[in-house]
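To start, the structure itself, in structure tokens.
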2 protein chains.
Amino acid sequence: MPDLAKTADGEPDAPSHDLIYGIDDEPPVAEGLALGLQHYLTMFGSTVAIPLILSEPLGIKGDAEKLGWLIGTMFFVSGITTLLQTTLGNRLPIVQGGTFSFLTPVFAICGMASLKSAGFEVRMQTIQGAIIAGAVFEIFIGYSGLVGRLRRFIGPITIAPTIALIGLSLFPFGAPGAGKHWGIGGLTILLIILFSQVLRRKHRAFELFPVLLGIIGAWGVAALLSVTGVFEPGHPAYTSLEKFHDAPWIRVPYPLQWGMPQFEVAAIIGMLAGYAASMVESIGDYYACARMSGAPIPDGKTINKGIGMEGVGCLIAGIFGTGNGTTSYSENIGAIGLTRVGSRRVVQYGAVLMILLGAVAKFGALFTTIPEPIVGGMYCALFGVIAAVGLSNLQFVDLNSPRNLFILGFAFFMGLSLPAYISATPVALGPLLDGWFGLSIGDSLQWLDNIVNTLAGTSMAVGALIAVVLDNVIPGTDAERGLTEWQKAG
Amino acid sequence: MPDLAKTADGEPDAPSHDLIYGIDDEPPVAEGLALGLQHYLTMFGSTVAIPLILSEPLGIKGDAEKLGWLIGTMFFVSGITTLLQTTLGNRLPIVQGGTFSFLTPVFAICGMASLKSAGFEVRMQTIQGAIIAGAVFEIFIGYSGLVGRLRRFIGPITIAPTIALIGLSLFPFGAPGAGKHWGIGGLTILLIILFSQVLRRKHRAFELFPVLLGIIGAWGVAALLSVTGVFEPGHPAYTSLEKFHDAPWIRVPYPLQWGMPQFEVAAIIGMLAGYAASMVESIGDYYACARMSGAPIPDGKTINKGIGMEGVGCLIAGIFGTGNGTTSYSENIGAIGLTRVGSRRVVQYGAVLMILLGAVAKFGALFTTIPEPIVGGMYCALFGVIAAVGLSNLQFVDLNSPRNLFILGFAFFMGLSLPAYISATPVALGPLLDGWFGLSIGDSLQWLDNIVNTLAGTSMAVGALIAVVLDNVIPGTDAERGLTEWQKAG
């Protein structure tokens, strides 16, 4: 337990003091596997969600087999890249998985005139080409040390809104998902709160597995109500094992499974915006993960290695063809915060599960039977904790300085407000500039539009950019900005 | 200036140390009037926005004369109630004005079957009846001391998300407004940042009037570009004095100007939800305003008097017929944070301006010529500061406690997520329960739907409710919860 009196006096002590397993701790194998399964489950929702979202633009919405393969590939690649990141990368206990920041450029690629009448394979190959090319760029940014050198401009005033906005900006996925059926969605939330906040003092199982137990509890109730006929097919919380029975046992994803990648300049440039957003998000994740798992504040070298390895992960994702890249996974940082298990070994157990279960089609199919309200309920509990991890960086900052309050508030507000504007009114520079000074631009600036729309449409990219610029431009002392206390705590 | 080294060590010192004018300070009359004008301007946007939004359901959208009267009435009543609140109420420097939390019940009233074919006057009279009846309820809650007695359950963990969500939840009104024309909207933002954060050290005028000067600067540029023909009529930043020339000079609003109020039970019950949301918001505002203006943390008596007086204000609004109530105005707390002028006298100057200019139709009409991008730009700067004022309460809280992080994060996340759900899927209990246990409910539960939808659709009500329940239910020490340090700072 942290020394609360001391903390209340403002002397910061890392949350690691309160961890059950720190970054280098190794729990017994059985417990570690179960904890790893919990990481697997917390990354499950988004990892399944991304292929589902992509199925429409890729043109495989009705094709359950291809969609199943795509889901399996996502898990398989996530497992491989997580193992790489935790051993040869930044070595933080951070799960690698698909990224929402690649969705906008992928939509743009599928909408390109040249791909309008193309089938699934050609679209996928063009996406793969763009992801592979972008991966080379990210590998360069990382291993050249460019990223780490930018670190000295980044303090807690930048980190706080960046991380908090990762969690907050996911608000459309929480209650709207749980609300598909508030009985089951609300039960999931209640069980997770009960296990993680109240019963954790009573039994070690609750302390370690609040999320997993919460899901199983709500899932069991949903299954019972489905079997007894209270929930009928089509009900949002209806639980059936049909998809499980239909699935084959084994299907191992392999490189170039959709054919040879194709490289198109417009596709590649649009994708770079997704990479930029993903890198800023990852740096925020590293700080959050380090704080949560009791690791030291990431130095330049750690960040370089992490971003470089994320580039390698994207290269692998591009070669296998997930239709997406890989990045650090915020959900799992939330899980570390809730469970207070920050062990790297546990994440590696989870990664092995991802690889195995990515190849065992039946097992993946089992988890696709988790009804949407349960996934939404889990998000409500996890995403909030990510937001709070961001806020916890404010303990280093002078919260009575008008300068700091302006920068923080403006970054938070615009981080929500600008994406709301962009989603309603995407930037189209060509038509805007057409005719100015006799220009005839037309659609030739679409690549720039893609970059601007992706960055300005991503909450944490907006918040990070505003905070880092204003924090370095508006005069303020190191103590005021929180740099002094922050370095000490690291 | 605050002692920054001391603050960095965690010893909280109130922002009041950094104020130019504290709550009891009285600036020279001319300067006070100019500062009061700035308060008038910051409340201008929402005060004009509410009648504009109401014009559609009230059926006076094309009726410029009635709409003009309604706007004038809003200002007139705001001025009277602000004077009452600052003299006989909680005596905080807090502007009283219209409230967004009354919009949902007013929409519901205008949509009632009995009013479908009624004209403007009958609709307005029914709204007035509901507001008057609700006001009696609020006066009772306040002066009976009920509100103040609930105060002991409220600590910084509740106050932080409540206030922060007031600012954050207004995100759809910031960038989307400024983005109607980024040139002018962005210029407004840049000027306010430049004046309030950089040039304030150079000249006292920038220190005192960053918002007013920012508006005037951007307004001047917009006017210049309109006069020279670069902005043509219909352009979002087009500035013209037409509305000013057309308006009459004087029109004094008077009680019962739309006829006798009508009292309908369904309308009254729906309106009570708006009152509940407005009261929780106001309590948050009192804490924020007190922190900003250097007043002591509001005690039970102050809160009772404040809420009671807000009830009186709503009674006056109902009798005059603004189509809305009055509540404490968050925008002006943002203005106090930016200008560091927390003087009660300045707010009273502003109130006198509201009364005078509410009766001078021409002056109100002048300000309706401020183009929308400038108002949006001003919101971006102000609403963020409100969010940050909320966050500043976190300095008292142990930000390494998993308990606190869970409560804060969950309250923030659900504060954004639940309203997103409600706006897409309003609760309709009647149809839901119909048929259960042989019930036949139909539309008879619409009053309850209104209450649930209004509360669950209001970010800060959701955040406040979650935080106050969990903070009082989940075990935690007073030091951990920040109560110890917070009381000391008060």
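In the structure tokens, chains take the letters A, B, ... in the order shown, each chain's residues start at 1, and ligands count up from 1 in the order shown.
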
Residue contacts of Gln128 (chain A) (9 Å, only C-alpha atoms) excluding same-chain residues fewer than 2 positions away, as a PDB file with N, CA, C and O atoms, in the first residue's frame:
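Result file result39.pdb:
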```
ATOM      1  N   ARG A 123      -7.756  -4.811 -53.594  1.00  0.00           N
ATOM      2  CA  ARG A 123      -7.833  -3.786 -52.542  1.00  0.00           C
ATOM      3  C   ARG A 123      -6.876  -4.118 -51.394  1.00  0.00           C
ATOM      4  O   ARG A 123      -6.098  -3.287 -50.936  1.00  0.00           O
ATOM      5  N   MET A 124      -6.938  -5.365 -50.939  1.00  0.00           N
ATOM      6  CA  MET A 124      -6.090  -5.778 -49.836  1.00  0.00           C
ATOM      7  C   MET A 124      -4.617  -5.632 -50.199  1.00  0.00           C
ATOM      8  O   MET A 124      -3.815  -5.148 -49.399  1.00  0.00           O
ATOM      9  N   GLN A 125      -4.251  -6.013 -51.431  1.00  0.00           N
ATOM     10  CA  GLN A 125      -2.849  -5.920 -51.849  1.00  0.00           C
ATOM     11  C   GLN A 125      -2.376  -4.468 -51.868  1.00  0.00           C
ATOM     12  O   GLN A 125      -1.231  -4.176 -51.493  1.00  0.00           O
ATOM     13  N   THR A 126      -3.253  -3.545 -52.278  1.00  0.00           N
ATOM     14  CA  THR A 126      -2.873  -2.133 -52.307  1.00  0.00           C
ATOM     15  C   THR A 126      -2.703  -1.596 -50.880  1.00  0.00           C
ATOM     16  O   THR A 126      -1.782  -0.821 -50.591  1.00  0.00           O
ATOM     17  N   ALA A 130       0.791  -0.144 -49.088  1.00  0.00           N
ATOM     18  CA  ALA A 130       0.893   1.123 -48.366  1.00  0.00           C
ATOM     19  C   ALA A 130       1.404   0.893 -46.948  1.00  0.00           C
ATOM     20  O   ALA A 130       2.209   1.677 -46.428  1.00  0.00           O
ATOM     21  N   ILE A 131       0.943  -0.185 -46.301  1.00  0.00           N
ATOM     22  CA  ILE A 131       1.362  -0.451 -44.927  1.00  0.00           C
ATOM     23  C   ILE A 131       2.835  -0.847 -44.879  1.00  0.00           C
ATOM     24  O   ILE A 131       3.586  -0.413 -44.001  1.00  0.00           O
ATOM     25  N   ILE A 132       3.284  -1.635 -45.855  1.00  0.00           N
ATOM     26  CA  ILE A 132       4.693  -2.034 -45.895  1.00  0.00           C
ATOM     27  C   ILE A 132       5.581  -0.807 -46.102  1.00  0.00           C
ATOM     28  O   ILE A 132       6.586  -0.624 -45.394  1.00  0.00           O
ATOM     29  N   ALA A 133       5.195   0.059 -47.052  1.00  0.00           N
ATOM     30  CA  ALA A 133       6.012   1.254 -47.305  1.00  0.00           C
ATOM     31  C   ALA A 133       6.051   2.153 -46.073  1.00  0.00           C
ATOM     32  O   ALA A 133       7.112   2.665 -45.681  1.00  0.00           O
ATOM     33  N   MET A 260       0.502 -10.869 -53.979  1.00  0.00           N
ATOM     34  CA  MET A 260       1.610  -9.922 -53.843  1.00  0.00           C
ATOM     35  C   MET A 260       1.114  -8.509 -53.559  1.00  0.00           C
ATOM     36  O   MET A 260       0.231  -8.002 -54.244  1.00  0.00           O
ATOM     37  N   PRO A 261       1.718  -7.822 -52.570  1.00  0.00           N
ATOM     38  CA  PRO A 261       1.360  -6.427 -52.285  1.00  0.00           C
ATOM     39  C   PRO A 261       1.601  -5.529 -53.497  1.00  0.00           C
ATOM     40  O   PRO A 261       2.512  -5.788 -54.286  1.00  0.00           O
ATOM     41  N   GLN A 262       0.797  -4.492 -53.633  1.00  0.00           N
ATOM     42  CA  GLN A 262       0.958  -3.526 -54.721  1.00  0.00           C
ATOM     43  C   GLN A 262       1.255  -2.153 -54.134  1.00  0.00           C
ATOM     44  O   GLN A 262       0.644  -1.755 -53.147  1.00  0.00           O
ATOM     45  N   PHE A 263       2.176  -1.445 -54.748  1.00  0.00           N
ATOM     46  CA  PHE A 263       2.608  -0.164 -54.196  1.00  0.00           C
ATOM     47  C   PHE A 263       2.075   0.995 -55.029  1.00  0.00           C
ATOM     48  O   PHE A 263       2.467   1.154 -56.183  1.00  0.00           O
ATOM     49  N   LEU A 315       5.411  -3.966 -40.607  1.00  0.00           N
ATOM     50  CA  LEU A 315       5.955  -4.658 -41.774  1.00  0.00           C
ATOM     51  C   LEU A 315       5.400  -6.087 -41.817  1.00  0.00           C
ATOM     52  O   LEU A 315       4.932  -6.566 -42.858  1.00  0.00           O
ATOM     53  N   ALA A 317       2.668  -7.153 -40.307  1.00  0.00           N
ATOM     54  CA  ALA A 317       1.222  -7.064 -40.552  1.00  0.00           C
ATOM     55  C   ALA A 317       0.957  -6.849 -42.037  1.00  0.00           C
ATOM     56  O   ALA A 317       0.022  -7.429 -42.602  1.00  0.00           O
ATOM     57  N   GLY A 318       1.793  -6.021 -42.682  1.00  0.00           N
ATOM     58  CA  GLY A 318       1.624  -5.760 -44.111  1.00  0.00           C
ATOM     59  C   GLY A 318       1.905  -6.996 -44.935  1.00  0.00           C
ATOM     60  O   GLY A 318       1.223  -7.262 -45.932  1.00  0.00           O
ATOM     61  N   ILE A 319       2.906  -7.765 -44.549  1.00  0.00           N
ATOM     62  CA  ILE A 319       3.274  -8.961 -45.323  1.00  0.00           C
ATOM     63  C   ILE A 319       2.221 -10.066 -45.143  1.00  0.00           C
ATOM     64  O   ILE A 319       1.832 -10.724 -46.101  1.00  0.00           O
ATOM     65  N   PHE A 320       1.736 -10.242 -43.911  1.00  0.00           N
ATOM     66  CA  PHE A 320       0.673 -11.229 -43.685  1.00  0.00           C
ATOM     67  C   PHE A 320      -0.654 -10.752 -44.276  1.00  0.00           C
ATOM     68  O   PHE A 320      -1.443 -11.547 -44.749  1.00  0.00           O
ATOM     69  N   GLY A 321      -0.889  -9.421 -44.186  1.00  0.00           N
ATOM     70  CA  GLY A 321      -2.137  -8.876 -44.715  1.00  0.00           C
ATOM     71  C   GLY A 321      -3.259  -8.889 -43.693  1.00  0.00           C
ATOM     72  O   GLY A 321      -4.189  -9.698 -43.766  1.00  0.00           O
ATOM     73  N   THR A 322      -3.154  -7.961 -42.692  1.00  0.00           N
ATOM     74  CA  THR A 322      -4.250  -7.823 -41.726  1.00  0.00           C
ATOM     75  C   THR A 322      -5.191  -6.711 -42.165  1.00  0.00           C
ATOM     76  O   THR A 322      -6.245  -6.539 -41.563  1.00  0.00           O
ATOM     77  N   GLY A 323      -4.798  -5.967 -43.190  1.00  0.00           N
ATOM     78  CA  GLY A 323      -5.577  -4.790 -43.592  1.00  0.00           C
ATOM     79  C   GLY A 323      -5.389  -3.639 -42.621  1.00  0.00           C
ATOM     80  O   GLY A 323      -6.091  -2.638 -42.695  1.00  0.00           O
ATOM     81  N   ASN A 324      -4.417  -3.768 -41.720  1.00  0.00           N
ATOM     82  CA  ASN A 324      -4.214  -2.829 -40.630  1.00  0.00           C
ATOM     83  C   ASN A 324      -2.754  -2.938 -40.206  1.00  0.00           C
ATOM     84  O   ASN A 324      -2.032  -3.799 -40.709  1.00  0.00           O
TER      85      ASN A 324
END
```

- request: Going by DSSP on the backbone, which bits of region 123-305 of chain A are alpha helix (DSSP H)? Write them as JSON, numbers by chain, please.
  value: {"A": [123, 124, 125, 126, 127, 128, 129, 130, 131, 132, 133, 134, 135, 136, 137, 138, 139, 140, 141, 142, 143, 146, 147, 148, 149, 156, 157, 158, 159, 160, 161, 162, 163, 164, 165, 166, 167, 168, 175, 176, 177, 178, 182, 183, 184, 185, 186, 187, 188, 189, 190, 191, 192, 193, 204, 205, 206, 207, 208, 210, 211, 212, 213, 214, 215, 216, 217, 218, 219, 220, 221, 222, 223, 224, 225, 226, 227, 242, 243, 244, 245, 246, 265, 266, 267, 268, 269, 270, 271, 272, 273, 274, 275, 276, 277, 278, 279, 280, 281, 282, 283, 284, 285, 286, 287, 288, 289, 290, 291, 292, 293, 300, 301, 302, 303, 304, 305]}

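Of the residues listed (A:Thr73, A:Gly311, A:Gln446, A:Pro51), A:Thr73 shows the shortest atom-to-atom separation from Pro255 (chain A); distances use only C-alpha atoms.
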
field: Shell of 7 Å around Val312 (chain B), only C-alpha atoms, local chain residues under 3 positions omitted, as a count of residues only
entry: 6

task: Please provide as a VMD selection string all residues within 8 Å of Ala108 (chain A), with the sequence filter that same-chain residues fewer than 4 positions apart are discarded (counting only C-alpha atoms).
output: chain A and resid 104 112 267 270 450

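Among A:Gly463, A:Pro371, A:Gly79, A:Gly377, the residue with the shortest atom-to-atom distance to Ala164 (chain A), counting only C-alpha atoms, is A:Gly463.
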
Got a sec: who's within 9 Å of Thr302 (chain B), counting only C-alpha atoms, leaving out chain neighbours fewer than 3 positions off, as an mmCIF file with C-alpha atoms, in the first residue's frame?
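Just written: around.cif:
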```cif
data_model
loop_
_atom_site.group_PDB
_atom_site.id
_atom_site.type_symbol
_atom_site.label_atom_id
_atom_site.label_comp_id
_atom_site.auth_asym_id
_atom_site.auth_seq_id
_atom_site.Cartn_x
_atom_site.Cartn_y
_atom_site.Cartn_z
ATOM 1 C CA GLY B 89 -27.802 35.211 -2.942
ATOM 2 C CA ASN B 90 -24.472 33.403 -2.655
ATOM 3 C CA ARG B 91 -22.637 36.702 -3.356
ATOM 4 C CA LEU B 92 -20.163 34.962 -5.669
ATOM 5 C CA GLY B 148 -26.362 22.235 1.730
ATOM 6 C CA TYR B 286 -19.992 27.671 -7.173
ATOM 7 C CA PRO B 298 -18.632 27.408 -0.536
ATOM 8 C CA ASP B 299 -20.181 26.184 2.715
ATOM 9 C CA LYS B 305 -28.660 30.706 -0.605
ATOM 10 C CA GLY B 306 -27.307 30.285 -4.130
ATOM 11 C CA ILE B 307 -29.718 27.532 -5.150
#
```

query: Could you pull the residues within 7 Å of region 243-251 of chain A, counting only C-alpha atoms, minus those fewer than 5 positions along the same chain, as an MDAnalysis selection string?
result: chainID A and resid 359:362 365:366

- prompt: In terms of the shortest atom-to-atom distance over only C-alpha atoms, which of A:Glu310, A:Leu165, A:Phe209, A:Ala237 is closest to Pro419 (chain A)?
  reply: A:Leu165

- prompt: What does the distance from CA of His203 (chain A) to CA of Ile466 (chain B) come to in Å, to one decimal?
  reply: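 Computing the Euclidean distance for CA of His203 (chain A) and CA of Ile466 (chain B) yields 25.4 Å.
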
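Interatomic distance, CA of Gly376 (chain A) against CA of Ala175 (chain A): 6.4 Å.
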
Determine which residues of region 202-442 of chain A receive a DSSP assignment of strand (DSSP E or B), computed from the backbone, and state them as a PDB file with all heavy atoms, in the first residue's frame.
```
ATOM      1  N   ILE A 250      -8.468 -25.773 -37.356  1.00  0.00           N
ATOM      2  CA  ILE A 250      -7.150 -25.132 -37.525  1.00  0.00           C
ATOM      3  C   ILE A 250      -7.075 -24.412 -38.861  1.00  0.00           C
ATOM      4  O   ILE A 250      -7.576 -24.907 -39.872  1.00  0.00           O
ATOM      5  CB  ILE A 250      -6.012 -26.187 -37.489  1.00  0.00           C
ATOM      6  CG1 ILE A 250      -6.020 -26.961 -36.160  1.00  0.00           C
ATOM      7  CG2 ILE A 250      -4.647 -25.533 -37.738  1.00  0.00           C
ATOM      8  CD1 ILE A 250      -5.487 -26.208 -34.981  1.00  0.00           C
ATOM      9  N   THR A 327       0.100  -1.470 -33.311  1.00  0.00           N
ATOM     10  CA  THR A 327       0.548  -0.380 -32.459  1.00  0.00           C
ATOM     11  C   THR A 327       0.358  -0.821 -31.019  1.00  0.00           C
ATOM     12  O   THR A 327      -0.187  -1.888 -30.762  1.00  0.00           O
ATOM     13  CB  THR A 327      -0.266   0.889 -32.751  1.00  0.00           C
ATOM     14  OG1 THR A 327       0.285   1.986 -32.021  1.00  0.00           O
ATOM     15  CG2 THR A 327      -1.714   0.722 -32.332  1.00  0.00           C
ATOM     16  N   SER A 328       0.816   0.007 -30.093  1.00  0.00           N
ATOM     17  CA  SER A 328       0.642  -0.348 -28.687  1.00  0.00           C
ATOM     18  C   SER A 328      -0.821  -0.210 -28.299  1.00  0.00           C
ATOM     19  O   SER A 328      -1.505   0.699 -28.744  1.00  0.00           O
ATOM     20  CB  SER A 328       1.519   0.545 -27.822  1.00  0.00           C
ATOM     21  OG  SER A 328       2.862   0.267 -28.112  1.00  0.00           O
ATOM     22  N   VAL A 341      -1.423  -5.879 -12.208  1.00  0.00           N
ATOM     23  CA  VAL A 341      -0.439  -6.861 -12.654  1.00  0.00           C
ATOM     24  C   VAL A 341       0.266  -6.270 -13.862  1.00  0.00           C
ATOM     25  O   VAL A 341      -0.328  -6.122 -14.920  1.00  0.00           O
ATOM     26  CB  VAL A 341      -1.107  -8.196 -13.039  1.00  0.00           C
ATOM     27  CG1 VAL A 341      -0.088  -9.132 -13.686  1.00  0.00           C
ATOM     28  CG2 VAL A 341      -1.748  -8.831 -11.824  1.00  0.00           C
ATOM     29  N   VAL A 360      -6.014 -21.504 -34.154  1.00  0.00           N
ATOM     30  CA  VAL A 360      -7.127 -22.400 -33.843  1.00  0.00           C
ATOM     31  C   VAL A 360      -8.425 -21.649 -34.144  1.00  0.00           C
ATOM     32  O   VAL A 360      -8.900 -20.840 -33.344  1.00  0.00           O
ATOM     33  CB  VAL A 360      -7.104 -22.831 -32.363  1.00  0.00           C
ATOM     34  CG1 VAL A 360      -8.292 -23.732 -32.061  1.00  0.00           C
ATOM     35  CG2 VAL A 360      -5.805 -23.538 -32.053  1.00  0.00           C
TER      36      VAL A 360
END
```

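Among the candidate residues B:Phe102, B:Val198, B:Phe140, B:Arg344, the one lying nearest to Leu470 (chain A) is B:Val198, with distances computed using only C-alpha atoms.
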